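S.K.: Handing over work.cif, mmCIF, C-alpha atoms.
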```cif
data_model
#
loop_
_atom_site.label_atom_id
_atom_site.label_comp_id
_atom_site.auth_asym_id
_atom_site.auth_seq_id
_atom_site.Cartn_x
_atom_site.Cartn_y
_atom_site.Cartn_z
CA MET H 967 7.70 39.57 -19.06
CA GLN H 968 5.43 37.04 -17.37
CA PRO H 969 5.84 33.35 -18.32
CA MET H 970 3.07 31.90 -20.49
CA LYS H 971 0.36 29.97 -18.73
CA LYS H 972 0.53 26.21 -19.05
CA GLN H 973 -2.59 24.46 -20.25
CA PHE H 974 -3.00 21.28 -18.20
CA VAL H 975 -5.56 18.57 -19.01
CA VAL H 976 -6.08 16.19 -16.08
CA ASP H 977 -6.66 12.44 -16.46
CA THR H 978 -8.86 10.38 -14.13
CA ASN H 979 -6.00 8.54 -12.40
CA VAL H 980 -4.43 11.84 -11.29
CA LEU H 981 -7.64 13.02 -9.59
CA LEU H 982 -8.06 9.63 -7.90
CA GLU H 983 -4.51 9.78 -6.57
CA ASP H 984 -4.78 13.39 -5.41
CA PRO H 985 -8.26 14.96 -5.28
CA LYS H 986 -6.60 18.38 -4.99
CA ALA H 987 -4.42 17.83 -8.05
CA LEU H 988 -6.18 20.50 -10.11
CA LEU H 989 -5.37 23.09 -7.41
CA GLN H 990 -1.75 22.00 -7.35
CA LEU H 991 -1.52 22.22 -11.14
CA ARG H 992 -3.27 25.58 -11.28
CA ASN H 993 -0.81 26.96 -8.68
CA GLY H 994 -2.98 29.87 -7.69
CA ALA H 995 -3.97 31.27 -11.08
CA GLU H 996 -0.63 30.69 -12.78
CA ASN H 997 -1.92 27.92 -15.09
CA ASP H 998 -5.18 26.78 -16.66
CA VAL H 999 -6.62 23.35 -15.88
CA PHE H 1000 -9.09 21.40 -18.02
CA ILE H 1001 -11.03 18.22 -17.26
CA PRO H 1002 -12.23 16.09 -20.21
CA TYR H 1003 -15.93 15.25 -20.10
CA HIS H 1004 -15.08 11.52 -20.23
CA VAL H 1005 -13.04 11.93 -17.06
CA LEU H 1006 -16.23 13.09 -15.32
CA LEU H 1007 -18.04 10.06 -16.75
CA GLU H 1008 -15.33 7.77 -15.40
CA LEU H 1009 -15.60 9.40 -11.98
CA ASN H 1010 -19.36 8.85 -12.08
CA LYS H 1011 -18.71 5.17 -12.83
CA PHE H 1012 -16.20 4.81 -9.98
CA LYS H 1013 -18.40 6.46 -7.33
CA LYS H 1014 -20.09 3.10 -6.66
CA ASP H 1015 -16.79 1.21 -6.51
CA PRO H 1016 -16.22 0.05 -2.88
CA ARG H 1017 -12.52 0.91 -3.17
CA LEU H 1018 -12.76 4.21 -4.96
CA GLY H 1019 -16.14 5.65 -3.98
CA HIS H 1020 -14.85 7.60 -0.98
CA ILE H 1021 -12.01 9.07 -3.09
CA VAL H 1022 -14.44 10.09 -5.84
CA ALA H 1023 -16.53 11.84 -3.18
CA ARG H 1024 -13.47 13.89 -2.19
CA VAL H 1025 -12.78 14.74 -5.83
CA VAL H 1026 -16.37 15.90 -6.35
CA LYS H 1027 -16.16 17.97 -3.15
CA VAL H 1028 -13.04 19.76 -4.42
CA LEU H 1029 -14.63 20.37 -7.83
CA GLY H 1030 -17.75 21.78 -6.19
CA GLU H 1031 -15.79 24.08 -3.88
CA HIS H 1032 -13.51 25.40 -6.64
CA PRO H 1033 -15.55 25.76 -9.86
CA GLU H 1034 -13.24 28.60 -10.96
CA ALA H 1035 -10.19 26.32 -10.91
CA PHE H 1036 -11.03 24.27 -14.00
CA LYS H 1037 -12.91 24.10 -17.26
CA ILE H 1038 -14.65 21.09 -18.76
CA LEU H 1039 -13.78 19.97 -22.29
CA LYS H 1040 -16.74 19.16 -24.51
CA ALA H 1041 -17.19 15.77 -26.16
CA GLU H 1042 -18.53 15.25 -29.67
CA LYS H 1043 -19.28 11.57 -29.03
CA ILE H 1044 -19.93 9.57 -25.85
CA ALA H 1045 -18.30 6.18 -25.29
CA ASP H 1046 -20.75 3.28 -25.24
CA ALA H 1047 -18.70 1.29 -22.71
CA PHE H 1048 -15.95 2.21 -20.30
CA ASP H 1049 -13.01 0.14 -21.41
CA SER H 1050 -9.61 0.92 -22.89
CA HIS H 1051 -11.26 2.88 -25.74
CA VAL H 1052 -12.27 5.65 -23.31
CA ASP H 1053 -8.71 6.95 -23.53
CA ASN H 1054 -9.28 7.57 -27.25
CA PHE H 1055 -12.31 9.73 -26.45
CA ILE H 1056 -10.25 11.75 -23.95
CA LEU H 1057 -7.57 12.33 -26.58
CA ASP H 1058 -10.21 13.34 -29.12
CA GLU H 1059 -11.64 15.89 -26.68
CA ILE H 1060 -8.17 17.40 -26.29
CA SER H 1061 -7.60 17.44 -30.05
CA ILE H 1062 -10.81 19.33 -30.83
CA SER H 1063 -10.59 21.67 -27.82
CA GLY H 1064 -8.59 24.35 -29.59
CA ILE H 1065 -6.30 24.66 -26.55
CA ASP H 1066 -2.90 26.05 -27.46
CA LYS H 1067 -0.18 23.56 -26.47
CA PRO H 1068 -2.20 21.36 -24.10
CA ILE H 1069 -0.30 19.17 -21.64
CA LEU H 1070 -2.05 15.95 -20.66
CA VAL H 1071 -1.24 15.07 -17.03
CA THR H 1072 -1.57 11.31 -16.53
CA ASN H 1073 0.19 8.50 -14.68
CA ASP H 1074 -0.89 6.05 -17.39
CA LYS H 1075 2.25 5.43 -19.46
CA ILE H 1076 0.29 3.80 -22.31
CA LEU H 1077 -1.91 6.88 -22.56
CA GLN H 1078 1.24 9.01 -22.65
CA LEU H 1079 2.41 7.01 -25.68
CA GLN H 1080 -1.01 7.33 -27.32
CA ALA H 1081 -0.95 11.09 -26.73
CA ALA H 1082 2.48 11.36 -28.33
CA SER H 1083 1.18 9.56 -31.44
CA LYS H 1084 -1.43 12.33 -31.78
CA GLY H 1085 1.07 15.12 -31.19
CA ILE H 1086 -0.21 15.87 -27.69
CA GLU H 1087 2.38 16.62 -25.02
CA SER H 1088 2.02 14.70 -21.76
CA GLU H 1089 3.70 14.31 -18.39
CA ALA H 1090 3.25 12.40 -15.14
CA TYR H 1091 1.70 14.11 -12.15
CA ARG H 1092 4.86 15.21 -10.38
CA GLU H 1093 3.36 15.37 -6.91
CA SER H 1094 2.75 11.62 -7.18
CA VAL H 1095 6.45 10.88 -7.63
CA PRO H 1096 8.27 13.01 -5.06
CA PHE H 1097 10.98 10.44 -4.42
CA LYS H 1098 12.51 7.25 -5.77
CA SER H 1099 11.26 4.13 -3.99
CA GLU H 1100 12.26 5.14 -0.50
CA ALA H 1101 11.04 1.76 0.76
CA GLU H 1102 13.95 0.16 -1.10
CA TYR H 1103 16.66 2.79 -0.74
CA TYR H 1104 16.24 3.17 3.01
CA THR H 1105 16.98 -0.39 4.10
CA GLY H 1106 16.82 0.27 7.83
CA PHE H 1107 20.62 0.36 7.93
CA LEU H 1108 22.76 3.51 7.97
CA ASP H 1109 26.40 4.10 7.11
CA ASN H 1110 28.65 4.55 10.11
CA GLY H 1111 29.24 8.14 9.04
CA SER H 1112 25.53 8.97 9.00
CA GLY H 1113 23.73 10.49 11.96
CA PRO H 1114 21.41 8.13 13.83
CA ILE H 1115 17.79 7.74 12.75
CA ALA H 1116 15.28 6.47 15.27
CA ASN H 1117 14.99 2.67 15.26
CA SER H 1118 17.64 2.14 12.58
CA PHE H 1119 20.55 -0.29 12.41
CA ARG H 1120 24.24 0.00 11.55
CA TRP H 1121 27.05 -2.51 11.28
CA ALA H 1122 29.85 -2.51 13.86
CA GLU H 1123 32.59 -5.14 13.67
CA GLY H 1124 30.34 -7.41 11.66
CA ARG H 1125 27.42 -7.19 14.08
CA PRO H 1126 24.19 -5.21 13.76
CA VAL H 1127 23.78 -2.36 16.25
CA PHE H 1128 20.22 -1.18 16.92
CA HIS H 1129 19.56 2.49 17.64
CA GLY H 1130 16.25 1.87 19.45
CA PRO H 1131 14.04 3.51 22.06
CA GLU H 1132 16.38 2.39 24.86
CA GLY H 1133 19.52 3.62 23.11
CA GLU H 1134 22.10 1.63 21.18
CA LYS H 1135 22.54 -2.10 21.65
CA VAL H 1136 24.29 -4.90 19.77
CA ILE H 1137 21.91 -7.57 18.47
CA ASN H 1138 24.14 -10.52 19.36
CA TYR H 1139 21.28 -12.86 20.24
CA GLN H 1140 18.82 -14.87 18.19
CA HIS H 1141 15.07 -14.54 18.55
CA LYS H 1142 12.75 -17.51 18.70
CA VAL H 1143 9.16 -16.41 18.29
CA TRP H 1144 6.31 -18.93 18.34
CA ASN H 1145 8.93 -21.65 17.76
CA VAL H 1146 10.08 -19.84 14.60
CA THR H 1147 13.85 -19.57 14.34
CA PRO H 1148 15.02 -16.89 11.88
CA ARG H 1149 16.95 -18.17 8.87
CA GLY H 1150 19.35 -15.24 8.75
CA VAL H 1151 20.38 -11.98 10.36
CA TYR H 1152 17.73 -9.90 8.58
CA GLN H 1153 14.86 -12.13 9.67
CA ASN H 1154 16.24 -11.94 13.21
CA LEU H 1155 16.25 -8.13 13.03
CA ALA H 1156 12.70 -8.19 11.63
CA LEU H 1157 11.59 -10.12 14.72
CA GLU H 1158 13.40 -7.57 16.89
CA LEU H 1159 11.18 -4.84 15.39
CA LEU H 1160 8.01 -6.92 15.21
CA THR H 1161 8.10 -7.84 18.90
CA HIS H 1162 9.41 -4.53 20.28
CA GLU H 1163 6.75 -2.97 22.50
CA GLY H 1164 8.12 0.56 21.98
CA ILE H 1165 7.72 0.54 18.18
CA PRO H 1166 4.01 0.35 17.28
CA VAL H 1167 4.48 0.90 13.52
CA VAL H 1168 6.80 -1.33 11.48
CA SER H 1169 7.15 -1.66 7.71
CA ILE H 1170 8.99 -4.47 5.94
CA GLN H 1171 9.94 -4.41 2.27
CA SER H 1172 11.21 -7.39 0.29
CA GLU H 1173 10.60 -9.51 -2.75
CA ALA H 1174 8.30 -12.50 -2.41
CA GLY H 1175 9.78 -15.41 -0.55
CA TYR H 1176 11.71 -13.76 2.27
CA GLY H 1177 9.12 -14.58 4.91
CA LYS H 1178 7.46 -11.20 5.58
CA SER H 1179 3.98 -12.56 6.22
CA PHE H 1180 5.22 -15.63 8.10
CA LEU H 1181 7.34 -13.58 10.50
CA ALA H 1182 4.57 -11.00 11.01
CA LEU H 1183 2.02 -13.69 11.83
CA ALA H 1184 4.44 -15.44 14.21
CA ALA H 1185 5.05 -12.15 16.02
CA ALA H 1186 1.31 -11.41 16.13
CA MET H 1187 0.54 -14.81 17.64
CA HIS H 1188 3.32 -14.26 20.18
CA LEU H 1189 1.91 -10.86 21.21
CA VAL H 1190 -1.74 -11.97 21.36
CA LEU H 1191 -1.62 -15.58 22.56
CA GLU H 1192 1.63 -15.78 24.52
CA LYS H 1193 2.50 -12.33 25.81
CA LYS H 1194 -1.17 -11.24 25.85
CA SER H 1195 -0.22 -7.59 25.30
CA HIS H 1196 -2.90 -7.37 22.59
CA GLN H 1197 -6.32 -8.99 22.26
CA LYS H 1198 -6.79 -9.70 18.56
CA ILE H 1199 -5.07 -10.11 15.19
CA TYR H 1200 -6.40 -8.37 12.08
CA VAL H 1201 -5.02 -9.13 8.62
CA VAL H 1202 -5.97 -6.46 6.08
CA LYS H 1203 -5.48 -7.13 2.40
CA PRO H 1204 -6.07 -4.62 -0.43
CA MET H 1205 -7.70 -6.98 -2.90
CA TYR H 1206 -7.61 -4.90 -6.05
CA GLU H 1207 -8.57 -7.87 -8.22
CA ILE H 1208 -11.87 -8.35 -6.35
CA GLY H 1209 -13.28 -4.85 -6.75
CA GLN H 1210 -17.07 -4.94 -6.98
CA LYS H 1211 -17.05 -8.70 -7.52
CA LEU H 1212 -16.66 -9.27 -3.76
CA GLY H 1213 -20.34 -8.59 -3.26
CA TYR H 1214 -21.34 -11.28 -5.76
CA LEU H 1215 -19.34 -14.05 -4.12
CA PRO H 1216 -21.45 -16.32 -1.89
CA GLY H 1217 -21.20 -16.48 1.88
CA LYS H 1218 -19.92 -14.28 4.67
CA VAL H 1219 -17.02 -11.84 4.35
CA GLU H 1220 -14.42 -14.41 5.40
CA GLU H 1221 -15.86 -16.93 2.93
CA LYS H 1222 -15.77 -14.37 0.12
CA MET H 1223 -12.16 -13.56 0.91
CA GLU H 1224 -10.99 -17.16 1.28
CA PRO H 1225 -9.81 -17.67 -2.35
CA TYR H 1226 -7.67 -14.54 -2.04
CA THR H 1227 -6.32 -15.10 1.47
CA ARG H 1228 -5.80 -18.86 1.50
CA TYR H 1229 -2.05 -18.40 1.76
CA ILE H 1230 -2.59 -16.52 5.04
CA SER H 1231 -4.64 -19.43 6.38
CA ASP H 1232 -1.92 -21.84 5.26
CA LEU H 1233 0.74 -19.81 7.09
CA VAL H 1234 -1.37 -19.72 10.25
CA MET H 1235 -1.83 -23.50 10.08
CA LYS H 1236 1.93 -23.92 9.58
CA LEU H 1237 2.55 -21.85 12.72
CA HIS H 1238 -0.18 -23.80 14.51
CA ALA H 1239 1.76 -27.00 13.69
CA LEU H 1240 4.93 -25.49 15.17
CA ARG H 1241 3.09 -24.51 18.34
CA PRO H 1242 -0.64 -25.02 19.00
CA ALA H 1243 -2.77 -21.88 18.63
CA ASN H 1244 -6.17 -23.37 19.40
CA ARG H 1245 -7.58 -20.09 20.67
CA LEU H 1246 -7.45 -18.64 17.15
CA PHE H 1247 -10.01 -21.17 15.87
CA THR H 1248 -13.57 -22.18 16.54
CA ASN H 1249 -12.48 -25.64 15.37
CA PRO H 1250 -8.75 -26.18 14.76
CA ASP H 1251 -9.31 -29.56 13.10
CA VAL H 1252 -11.10 -28.36 9.93
CA TYR H 1253 -9.70 -26.87 6.73
CA PRO H 1254 -9.98 -24.18 5.61
CA PRO H 1255 -9.68 -23.03 9.23
CA GLN H 1256 -12.63 -21.40 10.94
CA PHE H 1257 -11.20 -18.45 12.84
CA ASP H 1258 -12.63 -17.21 16.11
CA LEU H 1259 -13.44 -13.61 15.17
CA LYS H 1260 -12.72 -12.52 18.73
CA LYS H 1261 -9.07 -13.43 18.16
CA PHE H 1262 -8.35 -13.43 14.40
CA GLU H 1263 -10.05 -11.71 11.48
CA LEU H 1264 -9.29 -11.31 7.78
CA LEU H 1265 -10.70 -8.05 6.42
CA PRO H 1266 -10.85 -6.38 3.00
CA LEU H 1267 -9.77 -2.77 3.00
CA ALA H 1268 -13.30 -1.43 2.50
CA TYR H 1269 -14.45 -2.90 5.84
CA ILE H 1270 -11.86 -0.91 7.83
CA ARG H 1271 -13.41 2.44 6.94
CA GLY H 1272 -15.40 3.72 9.89
CA MET H 1273 -13.79 1.33 12.39
CA THR H 1274 -11.62 2.26 15.34
CA ILE H 1275 -9.16 -0.54 16.06
CA GLU H 1276 -7.73 -0.89 19.56
CA ASN H 1277 -5.73 -3.48 21.52
CA ALA H 1278 -4.84 -5.39 18.36
CA VAL H 1279 -2.05 -6.41 16.04
CA VAL H 1280 -2.88 -5.24 12.51
CA ILE H 1281 -0.99 -6.77 9.57
CA VAL H 1282 -1.45 -4.90 6.29
CA ASP H 1283 -0.36 -7.24 3.51
CA GLU H 1284 0.67 -6.06 0.02
CA MET H 1285 0.57 -2.43 1.08
CA GLN H 1286 2.17 -1.42 -2.21
CA ASN H 1287 -1.30 -1.80 -3.75
CA LEU H 1288 -2.73 1.00 -1.58
CA SER H 1289 -2.82 4.61 -2.73
CA ARG H 1290 -1.67 7.42 -0.48
CA ASN H 1291 -5.29 8.32 0.33
CA GLU H 1292 -6.17 4.71 1.19
CA THR H 1293 -3.06 4.44 3.36
CA ARG H 1294 -4.00 7.58 5.26
CA ALA H 1295 -7.58 6.36 5.72
CA LEU H 1296 -6.39 2.96 6.96
CA LEU H 1297 -3.71 4.10 9.39
CA SER H 1298 -5.96 6.80 10.85
CA ARG H 1299 -8.23 3.98 12.08
CA MET H 1300 -5.58 2.82 14.56
CA GLY H 1301 -6.41 3.59 18.19
CA GLU H 1302 -4.77 2.77 21.51
CA ASN H 1303 -2.41 -0.19 21.98
CA VAL H 1304 -2.11 -1.16 18.30
CA LYS H 1305 0.89 -2.82 16.69
CA CYS H 1306 0.62 -2.11 12.96
CA VAL H 1307 2.82 -4.07 10.54
CA CYS H 1308 2.97 -2.87 6.92
CA LEU H 1309 4.25 -5.47 4.45
CA GLY H 1310 4.93 -5.20 0.74
CA ASP H 1311 7.16 -5.13 -2.30
CA THR H 1312 7.26 -1.85 -4.22
CA ARG H 1313 8.37 -3.69 -7.35
CA GLN H 1314 5.20 -5.77 -7.46
CA ILE H 1315 2.35 -3.33 -8.11
CA ASP H 1316 -1.02 -4.72 -9.20
CA ASN H 1317 -2.95 -1.43 -9.04
CA PRO H 1318 -2.62 0.23 -12.49
CA TYR H 1319 -2.94 3.71 -10.95
CA LEU H 1320 0.16 3.24 -8.78
CA SER H 1321 3.88 2.88 -9.47
CA GLN H 1322 7.08 1.73 -7.82
CA GLU H 1323 7.52 5.20 -6.37
CA ASN H 1324 3.89 6.16 -5.79
CA ASN H 1325 2.27 3.58 -3.48
CA GLY H 1326 1.18 3.17 0.12
CA LEU H 1327 4.27 1.36 1.39
CA ASN H 1328 6.61 3.93 -0.12
CA TRP H 1329 4.59 6.84 1.29
CA VAL H 1330 4.75 5.33 4.78
CA VAL H 1331 8.55 5.04 4.64
CA LYS H 1332 8.93 8.55 3.23
CA LYS H 1333 6.64 10.24 5.77
CA PHE H 1334 7.33 8.13 8.89
CA LYS H 1335 11.13 7.72 8.57
CA GLY H 1336 12.78 9.12 11.69
CA ALA H 1337 9.66 8.98 13.90
CA GLU H 1338 10.29 7.60 17.38
CA ILE H 1339 7.48 5.03 17.10
CA TYR H 1340 8.34 3.77 13.59
CA ALA H 1341 10.88 1.37 12.08
CA HIS H 1342 11.55 0.03 8.59
CA LEU H 1343 13.59 -2.90 7.33
CA VAL H 1344 14.38 -4.35 3.91
CA LEU H 1345 14.70 -8.13 4.20
CA LYS H 1346 17.72 -9.65 2.48
CA GLY H 1347 19.50 -12.99 2.49
CA GLU H 1348 19.83 -16.19 0.51
CA LYS H 1349 17.27 -18.44 2.16
CA SER H 1350 13.60 -18.00 1.41
CA ARG H 1351 10.66 -20.30 0.67
CA GLY H 1352 12.78 -22.97 -0.91
CA PRO H 1353 15.44 -23.71 -3.55
CA ILE H 1354 13.26 -22.71 -6.51
CA THR H 1355 12.37 -19.33 -5.01
CA ASP H 1356 16.05 -18.89 -4.08
CA LEU H 1357 16.97 -19.48 -7.73
CA VAL H 1358 14.38 -16.95 -8.92
CA ILE H 1359 15.83 -14.30 -6.58
CA LYS H 1360 19.48 -15.05 -7.35
CA SER H 1361 18.97 -15.18 -11.11
CA GLY H 1362 16.92 -12.00 -11.24
CA LEU H 1363 14.18 -13.76 -13.22
#
```
Could you show the structure in this file as structure tokens?
M.R.:
Amino acid sequence: MQPMKKQFVVDTNVLLEDPKALLQLRNGAENDVFIPYHVLLELNKFKKDPRLGHIVARVVKVLGEHPEAFKILKAEKIADAFDSHVDNFILDEISISGIDKPILVTNDKILQLQAASKGIESEAYRESVPFKSEAEYYTGFLDNGSGPIANSFRWAEGRPVFHGPEGEKVINYQHKVWNVTPRGVYQNLALELLTHEGIPVVSIQSEAGYGKSFLALAAAMHLVLEKKSHQKIYVVKPMYEIGQKLGYLPGKVEEKMEPYTRYISDLVMKLHALRPANRLFTNPDVYPPQFDLKKFELLPLAYIRGMTIENAVVIVDEMQNLSRNETRALLSRMGENVKCVCLGDTRQIDNPYLSQENNGLNWVVKKFKGAEIYAHLVLKGEKSRGPITDLVIKSGL
């Protein structure tokens, strides 16, 4: 006796996360897949979004190439505006569809609760959650009984041992990069990875306050201005809160971004005070700083698409706010002689379509772990920005 077909109804956020989700859910012809009409309307709305437009194009391409893989649910009424009430229209379409035992597939937990109130079964898209926050569980350290992983650490007699490209070595020395002295052993190990010429991709996970951005910028300035192994520093920030509003802000790109990246400028100026970095600026005596775009550039994610970056240090800040597709699109822009530093905290997600397990930083750790050119580290310790931040971390606020 063959198992009964499952009747899946796909929400917008699932298609945006994985344009091929309907094919995964259909599993050949094992199940039926339905798309609510209001999901198509939402996709039509998002096609002009600078962050989502390219993903919507991929979704539409899959739908056009596989018309047999799904059916569209009809709508009795059309929403006047696309706000939180659109979810109610999607639920109404499911209710009147006549589908026997529909299963709404959505990563929106509120919509799952709303579906339950209407007697509609729901579940998360399982392909979006294939693991549990790998970026936190894999700290960069291994137990002594575990086999070595490329560019990982272990403890031996109270000292960190690095299993790096040159073999094993004890890290019994302290780095000093751009006059920055690490506050603890984990910051010192972060600088080991950030300045290592044989490890072009590094990810660092930690809560706010442990110095991720500060250390990454110090290492970048060391590589570009002191060692001169790279020519330029890029800082890429996924500014989810800007969305389409970026185009309405006055001025050039860097001026539009300034309210959202001021902390980066402040960190650069702090490093400039520790050791002059005049070559980064057109005029180092003004604030906010005017960066020389030949040496330092702040870029929103949308501006990376289509670029090929070479001979540069690229710092991706708040990578937990990137989707898997955006992460792939970004990292595939990296050409020759690039040091790419991925920073983030998987517990601090601003993008409502992502989760602690399903985000760009976590996907990088999951897919790159063990690669010879990649390293990951979770920053720990007691010292951070200052006593108030220390108290927040210690108390678990």
S.K.: Which of these residues is nearest to Glu1323 of chain H, using only C-alpha atoms: H:Glu1102, H:Glu1163, H:Glu1173, H:Glu1087?
M.R.: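 For Glu1323 of chain H, the nearest of the candidates is H:Glu1102.
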S.K.: Go through H:His1020, H:Lys1027, H:Lys1135, H:Lys1043 one by one, measure the shortest atom-to-atom distance of each to Gly1272 of chain H using only C-alpha atoms, and give the residue with the smallest value.
M.R.: H:His1020
S.K.: For this structure, which residues satisfy the selection - the PyMOL selection byres ((chain H and resi 1262-1269) around 6) - when it is evaluated on the file as given? I want them as a list in words.
M.R.: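 Taken over the shown coordinates, the PyMOL selection byres ((chain H and resi 1262-1269) around 6) returns Lys1198, Ile1199, Tyr1200, Val1201, Val1202, Lys1203, Pro1204, Leu1246, Phe1257, Asp1258, Leu1259, Lys1261, Ile1270 and Arg1271 of chain H.
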S.K.: Could those selected residues go to a file with C-alpha atoms, as a compact mmCIF listing (two decimals), in the frame of the given file?
M.R.:
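File produced: again-v5.txt:
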```
# COMPACT_ATOMS: atom_id res chain seq x y z
CA LYS H 1198 -6.79 -9.70 18.56
CA ILE H 1199 -5.07 -10.11 15.19
CA TYR H 1200 -6.40 -8.37 12.08
CA VAL H 1201 -5.02 -9.13 8.62
CA VAL H 1202 -5.97 -6.46 6.08
CA LYS H 1203 -5.48 -7.13 2.40
CA PRO H 1204 -6.07 -4.62 -0.43
CA LEU H 1246 -7.45 -18.64 17.15
CA PHE H 1257 -11.20 -18.45 12.84
CA ASP H 1258 -12.63 -17.21 16.11
CA LEU H 1259 -13.44 -13.61 15.17
CA LYS H 1261 -9.07 -13.43 18.16
CA ILE H 1270 -11.86 -0.91 7.83
CA ARG H 1271 -13.41 2.44 6.94
```
S.K.: Just how far from atom CA of Lys1305 of chain H is atom CA of Gln1197 of chain H, in Å to one decimal?
M.R.: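 Atom-to-atom, atom CA of Gln1197 of chain H to atom CA of Lys1305 of chain H, that is 11.0 Å.
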S.K.: Output the residue selection produced by the PyMOL selection byres ((chain H and resi 1058) around 10) on the file above, formatted as a list of chain:residue names.
M.R.: H:Pro1002, H:Lys1040, H:Ala1041, H:Glu1042, H:Lys1043, H:Val1052, H:Asp1053, H:Asn1054, H:Phe1055, H:Ile1056, H:Leu1057, H:Glu1059, H:Ile1060, H:Ser1061, H:Ile1062, H:Ser1063, H:Ala1081, H:Lys1084
S.K.: Hey, can you check how far atom CA of Asn1117 of chain H sits from atom CA of Glu1134 of chain H?
M.R.: 9.3 Å
S.K.: For atom CA of Lys986 of chain H and atom CA of Val1028 of chain H, quote the distance in Å rounded to one decimal.
M.R.: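 Between atom CA of Lys986 of chain H and atom CA of Val1028 of chain H the gap is 6.6 Å.
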S.K.: Nearest residue to Leu1155 of chain H out of H:Ile1354, H:Gln973, H:Ala1341, H:Leu1240, using all atoms listed in the file?
M.R.: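 Nearest to Leu1155 of chain H: H:Ala1341.
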S.K.: Using all atoms listed in the file, pick whichever of H:Leu1296, H:Leu981, H:Leu1160, H:Leu1183 has the shortest atom-to-atom distance to Val1071 of chain H.
M.R.: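 Comparing H:Leu1296, H:Leu981, H:Leu1160, H:Leu1183 against Val1071 of chain H, the winner is H:Leu981.
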S.K.: Name every residue that the PyMOL selection byres ((chain H and resi 1279-1288) around 6) selects in this structure, writing the answer as number ranges by chain with chains first and numbers rising.
M.R.: H: 1199-1203, 1278, 1289, 1292, 1304-1310, 1312, 1315, 1317, 1325-1327
S.K.: Between segment 1027-1085 of chain H and segment 977-980 of chain H, at 8 Å or less, what are the per-residue closest atom pairs and their distances in Å? Count only C-alpha atoms, order by chain and rising residue number, and return it as CSV.
M.R.:
```
residue,atom,partner,partner_atom,distance
H:Leu1070,CA,H:Asp977,CA,7.2
H:Val1071,CA,H:Asp977,CA,6.1
H:Thr1072,CA,H:Asp977,CA,5.2
H:Asn1073,CA,H:Asn979,CA,6.6
H:Asp1074,CA,H:Asn979,CA,7.6
```
S.K.: Give me the residues within 12 Å of Ile1076 of chain H as a ChimeraX atom specification, counting all atoms listed in the file and dropping any in the same chain fewer than 6 places off.
M.R.: /H:1050,1053-1054,1082-1083,1088-1090,1318-1319
S.K.: Could the residues in this selection be saved with C-alpha atoms as a PDB file, keeping the file's coordinate frame?
M.R.:
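Saved the output as selection.pdb:
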```pdb
ATOM      1  CA  SER H1050      -9.610   0.920 -22.890  1.00  0.00           C
ATOM      2  CA  ASP H1053      -8.710   6.950 -23.530  1.00  0.00           C
ATOM      3  CA  ASN H1054      -9.280   7.570 -27.250  1.00  0.00           C
ATOM      4  CA  ALA H1082       2.480  11.360 -28.330  1.00  0.00           C
ATOM      5  CA  SER H1083       1.180   9.560 -31.440  1.00  0.00           C
ATOM      6  CA  SER H1088       2.020  14.700 -21.760  1.00  0.00           C
ATOM      7  CA  GLU H1089       3.700  14.310 -18.390  1.00  0.00           C
ATOM      8  CA  ALA H1090       3.250  12.400 -15.140  1.00  0.00           C
ATOM      9  CA  PRO H1318      -2.620   0.230 -12.490  1.00  0.00           C
ATOM     10  CA  TYR H1319      -2.940   3.710 -10.950  1.00  0.00           C
TER      11      TYR H1319
END
```
S.K.: What's the 9 Å shell around Gly1130 of chain H, counting only C-alpha atoms, without same-chain residues fewer than 6 positions away, as a list in words?
M.R.: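 Using only C-alpha atoms, the neighbours found are Ala1116, Asn1117, Ser1118, Phe1119, Gly1164, Ile1165 and Glu1338 of chain H.
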S.K.: Just give me the residues with any atom within 10 Å of (-18.1, 21.8, -19.8), file coordinates, counting all atoms listed in the file, written as an MDAnalysis selection string.
M.R.: chainID H and resid 1000:1003 1006 1036:1041
S.K.: With C-alpha atoms retained, write the just-selected residues as a JSON list (two decimals), in the coordinates of the input.
M.R.:
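So selection26.json came out as:
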```json
[["chain", "number", "residue", "atom", "x", "y", "z"],
["H", 1000, "PHE", "CA", -9.09, 21.40, -18.02],
["H", 1001, "ILE", "CA", -11.03, 18.22, -17.26],
["H", 1002, "PRO", "CA", -12.23, 16.09, -20.21],
["H", 1003, "TYR", "CA", -15.93, 15.25, -20.10],
["H", 1006, "LEU", "CA", -16.23, 13.09, -15.32],
["H", 1036, "PHE", "CA", -11.03, 24.27, -14.00],
["H", 1037, "LYS", "CA", -12.91, 24.10, -17.26],
["H", 1038, "ILE", "CA", -14.65, 21.09, -18.76],
["H", 1039, "LEU", "CA", -13.78, 19.97, -22.29],
["H", 1040, "LYS", "CA", -16.74, 19.16, -24.51],
["H", 1041, "ALA", "CA", -17.19, 15.77, -26.16]]
```
S.K.: Extract, using all atoms listed in the file, all DNA, RNA and protein residues at most 10 Å from Tyr1253 of chain H, discarding same-chain residues fewer than 2 positions from it, and format them as a ChimeraX atom specification.
M.R.: /H:1231-1232,1235,1249-1251,1255-1256
S.K.: Which one of H:Gly1133, H:Gly1019, H:Gly1106, H:Pro1254 sits closest to Leu1159 of chain H if you count all atoms listed in the file?
M.R.: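 Going through H:Gly1133, H:Gly1019, H:Gly1106, H:Pro1254 one by one, the smallest distance to Leu1159 of chain H is for H:Gly1106.
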S.K.: Calculated over all atoms listed in the file, which of the candidates H:Gly1347, H:Asn1324, H:Lys1332, H:Leu1009 has the smallest distance to Glu1100 of chain H?
M.R.: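 With all atoms listed in the file as the atom set, the closest residue is H:Lys1332.
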S.K.: Neighbours of Glu1158 of chain H within 9 Å (all atoms listed in the file; same-chain residues fewer than 4 positions away dropped), as number ranges by chain?
M.R.: H: 1137, 1141, 1153-1154, 1162
